[in-house]
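> Sharing upload26.txt, compact mmCIF, C-alpha atoms:
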# COMPACT_ATOMS: atom_id res chain seq x y z
CA MET A 1291 91.39 72.05 101.59
CA THR A 1292 91.77 68.35 102.13
CA ASN A 1293 93.72 68.43 105.37
CA ALA A 1294 94.04 70.72 108.38
CA PHE A 1295 97.81 70.74 107.83
CA TYR A 1296 97.35 72.74 104.62
CA HIS A 1297 95.19 75.25 106.46
CA ALA A 1298 97.93 75.59 109.09
CA ALA A 1299 100.56 76.14 106.39
CA SER A 1300 98.32 78.75 104.80
CA SER A 1301 97.97 80.51 108.17
CA ALA A 1302 101.75 80.56 108.60
CA ARG A 1303 102.15 82.17 105.19
CA HIS A 1304 99.45 84.71 105.94
CA PHE A 1305 100.12 85.56 109.61
CA GLY A 1306 103.76 84.52 110.04
CA GLY A 1307 105.17 81.93 112.40
CA LYS A 1308 105.09 78.18 111.81
CA PRO A 1309 102.24 75.87 110.80
CA GLU A 1310 102.40 74.25 114.24
CA ASP A 1311 101.28 77.59 115.74
CA TYR A 1312 97.89 77.16 114.03
CA GLN A 1313 97.44 73.39 113.81
CA LYS A 1314 95.18 72.95 116.87
CA ILE A 1315 92.72 75.55 115.64
CA HIS A 1316 92.47 73.98 112.20
CA ASP A 1317 92.23 70.50 113.72
CA TRP A 1318 89.28 71.72 115.82
CA PHE A 1319 87.40 72.76 112.69
CA ASP A 1320 88.09 69.52 110.85
CA VAL A 1321 87.60 66.97 113.65
CA THR A 1322 83.99 66.73 112.49
CA LYS A 1323 85.29 64.68 109.53
CA SER A 1324 85.38 61.79 112.00
CA ALA A 1325 81.58 61.98 112.18
CA TYR A 1326 80.87 62.63 108.51
CA GLY A 1327 83.53 62.00 105.91
CA ASP A 1328 82.56 64.40 103.13
CA PHE A 1329 82.09 68.16 102.81
CA ARG A 1330 78.90 68.05 104.90
CA HIS A 1331 81.02 67.74 108.04
CA ARG A 1332 81.52 71.50 107.62
CA ALA A 1333 77.90 72.17 108.59
CA LEU A 1334 78.89 71.52 112.22
CA ARG A 1335 81.57 74.23 112.62
CA HIS A 1336 82.25 76.04 109.35
CA HIS A 1337 79.99 79.05 109.93
CA SER A 1338 79.90 82.33 111.83
CA PHE A 1339 78.78 80.67 115.06
CA GLY A 1340 81.61 78.14 114.78
CA ILE A 1341 84.10 80.98 114.40
CA PHE A 1342 82.93 82.54 117.66
CA GLU A 1343 82.96 79.15 119.40
CA CYS A 1344 86.55 78.68 118.24
CA GLU A 1345 87.50 82.05 119.71
CA LYS A 1346 85.77 81.13 122.96
CA LEU A 1347 87.75 77.87 123.15
CA PHE A 1348 91.20 79.11 122.06
CA GLY A 1349 91.07 82.69 123.34
CA VAL A 1350 91.02 86.02 121.59
CA THR A 1351 94.63 85.79 120.39
CA ILE A 1352 97.47 83.32 120.15
CA PHE A 1353 101.16 84.15 119.86
CA ASN A 1354 102.93 82.62 116.89
CA ALA A 1355 106.56 81.44 116.80
CA ASP A 1356 107.64 84.93 115.73
CA GLY A 1357 106.21 86.28 118.98
CA HIS A 1358 103.40 88.17 117.26
CA PRO A 1359 99.82 88.07 118.50
CA VAL A 1360 97.33 86.74 115.97
CA PRO A 1361 93.57 87.07 116.47
CA VAL A 1362 91.98 83.63 116.67
CA ARG A 1363 88.90 84.92 114.89
CA ASN A 1364 91.07 85.85 111.87
CA ILE A 1365 92.57 82.36 111.78
CA ALA A 1366 89.12 80.79 112.05
CA GLU A 1367 87.69 83.06 109.35
CA GLN A 1368 90.58 82.14 107.05
CA HIS A 1369 89.80 78.42 107.53
CA VAL A 1370 86.10 78.84 106.79
CA VAL A 1371 86.67 81.12 103.78
CA GLU A 1372 89.18 78.65 102.29
CA ASP A 1373 86.69 75.78 102.65
CA CYS A 1374 83.42 77.53 101.81
CA GLY A 1375 84.00 79.13 98.44
CA GLY A 1376 85.32 82.45 99.70
CA ARG A 1377 82.50 83.20 102.12
CA ILE A 1378 81.50 82.75 105.74
CA PRO A 1379 78.11 81.06 105.89
CA SER A 1380 75.72 81.36 108.80
CA VAL A 1381 74.23 78.42 110.68
CA GLU A 1382 71.00 79.24 108.85
CA ASP A 1383 72.78 78.83 105.50
CA TRP A 1384 73.70 75.25 106.44
CA LEU A 1385 70.58 74.18 108.30
CA GLY A 1386 68.25 75.82 105.82
CA THR A 1387 69.33 73.26 103.23
CA ILE A 1388 68.18 70.29 105.33
CA GLN A 1389 65.14 68.51 103.95
CA PRO A 1390 62.95 67.92 107.02
CA ALA A 1391 61.98 64.35 107.78
CA ILE A 1392 59.07 63.36 109.99
CA TRP A 1393 61.30 61.96 112.74
CA MET A 1394 63.03 65.34 113.13
CA ALA A 1395 59.87 67.04 114.33
CA ARG A 1396 58.38 64.29 116.47
CA SER A 1397 58.89 64.23 120.16
CA THR A 1398 58.16 61.20 122.26
CA THR A 1399 58.45 60.02 125.81
CA THR A 1400 61.39 57.95 126.95
CA ARG A 1401 59.50 55.99 129.61
CA HIS A 1402 60.01 52.77 127.68
CA LEU A 1403 63.79 53.39 127.63
CA THR A 1404 64.25 53.77 131.36
CA ARG A 1405 63.25 51.79 134.39
CA ARG A 1406 63.34 52.47 138.06
CA ALA A 1407 66.58 51.57 139.71
CA ARG A 1408 66.16 48.80 142.27
CA HIS A 1409 68.28 48.37 145.36
CA GLU A 1410 69.72 45.08 144.05
CA ASP A 1411 71.04 46.90 140.95
CA PHE A 1412 73.74 48.51 143.09
Could you write out this structure as structure tokens?

Amino acid sequence: MTNAFYHAASSARHFGGKPEDYQKIHDWFDVTKSAYGDFRHRALRHHSFGIFECEKLFGVTIFNADGHPVPVRNIAEQHVVEDCGGRIPSVEDWLGTIQPAIWMARSTTTRHLTRRARHEDF
């Protein structure tokens, strides 16, 4: 879906209540669009680990406008399934598609990036 609003509307149809009941959860998934503007932003949260992180952040359930409890994990799963072709990928599914580059595996010291603080710096 192109916008978190449509996910929220879909949640309201599926679980009851109003789209506003679900908006913050769907916004959390899609905020990564600010870092990467195409479908690859989904690699950061649209997976099984992201679903559990969402539940950790928002709690096990929310109460919708109808007063009914709705499991956050179900809302999160709905978002991911709608965006990922009907499935819930794992982190491995996303990261396994990365073509390694040399810089990704090289570690280096940061001594040249830091210097000792001197008294006159304060």
> Give me, please, the distance in Å between CA of Val1321 in chain A and CA of Leu1334 in chain A, quoted to one decimal.
9.9 Å
> Nearest residue to Glu1372 in chain A out of A:Phe1295, A:Ile1392, A:Ser1300, A:Cys1344, using only C-alpha atoms?
A:Ser1300
> Distance CA of Val1360 in chain A-CA of Gly1306 in chain A, one decimal place?
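Distance between the two atoms: 9.0 Å.
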> As a list in words, please: the residues near Trp1318 in chain A (cut-off 9 Å, all atoms listed in the file, same-chain neighbours under 4 positions excluded).
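Listed by chain and then number, they are Ala1294, Gln1313, Lys1314, Thr1322, Arg1335 and Cys1344 of chain A.
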> Would you mind exporting C-alpha atoms of the selected residues as a compact mmCIF listing (two decimals), keeping the file's coordinate frame?

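Produced file out_32.txt, reproduced below:
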# COMPACT_ATOMS: atom_id res chain seq x y z
CA ALA A 1294 94.04 70.72 108.38
CA GLN A 1313 97.44 73.39 113.81
CA LYS A 1314 95.18 72.95 116.87
CA THR A 1322 83.99 66.73 112.49
CA ARG A 1335 81.57 74.23 112.62
CA CYS A 1344 86.55 78.68 118.24
> What's the separation between CA of Arg1377 in chain A and CA of Arg1363 in chain A, in Å to one decimal place?
14.4 Å
> Would you list the contacts of Thr1292 in chain A as a list in words, taking every protein, DNA or RNA residue within 10 Å and counting only C-alpha atoms, but skipping same-chain residues closer than 4 positions in sequence?
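The neighbour list is Tyr1296, His1297, Asp1320, Phe1329 and Asp1373 of chain A.
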> Go ahead and save the picked residues with C-alpha atoms, as a PDB file, keeping the file's coordinate frame.

ATOM      1  CA  TYR A1296      97.350  72.740 104.620  1.00  0.00           C
ATOM      2  CA  HIS A1297      95.190  75.250 106.460  1.00  0.00           C
ATOM      3  CA  ASP A1320      88.090  69.520 110.850  1.00  0.00           C
ATOM      4  CA  PHE A1329      82.090  68.160 102.810  1.00  0.00           C
ATOM      5  CA  ASP A1373      86.690  75.780 102.650  1.00  0.00           C
TER       6      ASP A1373
END
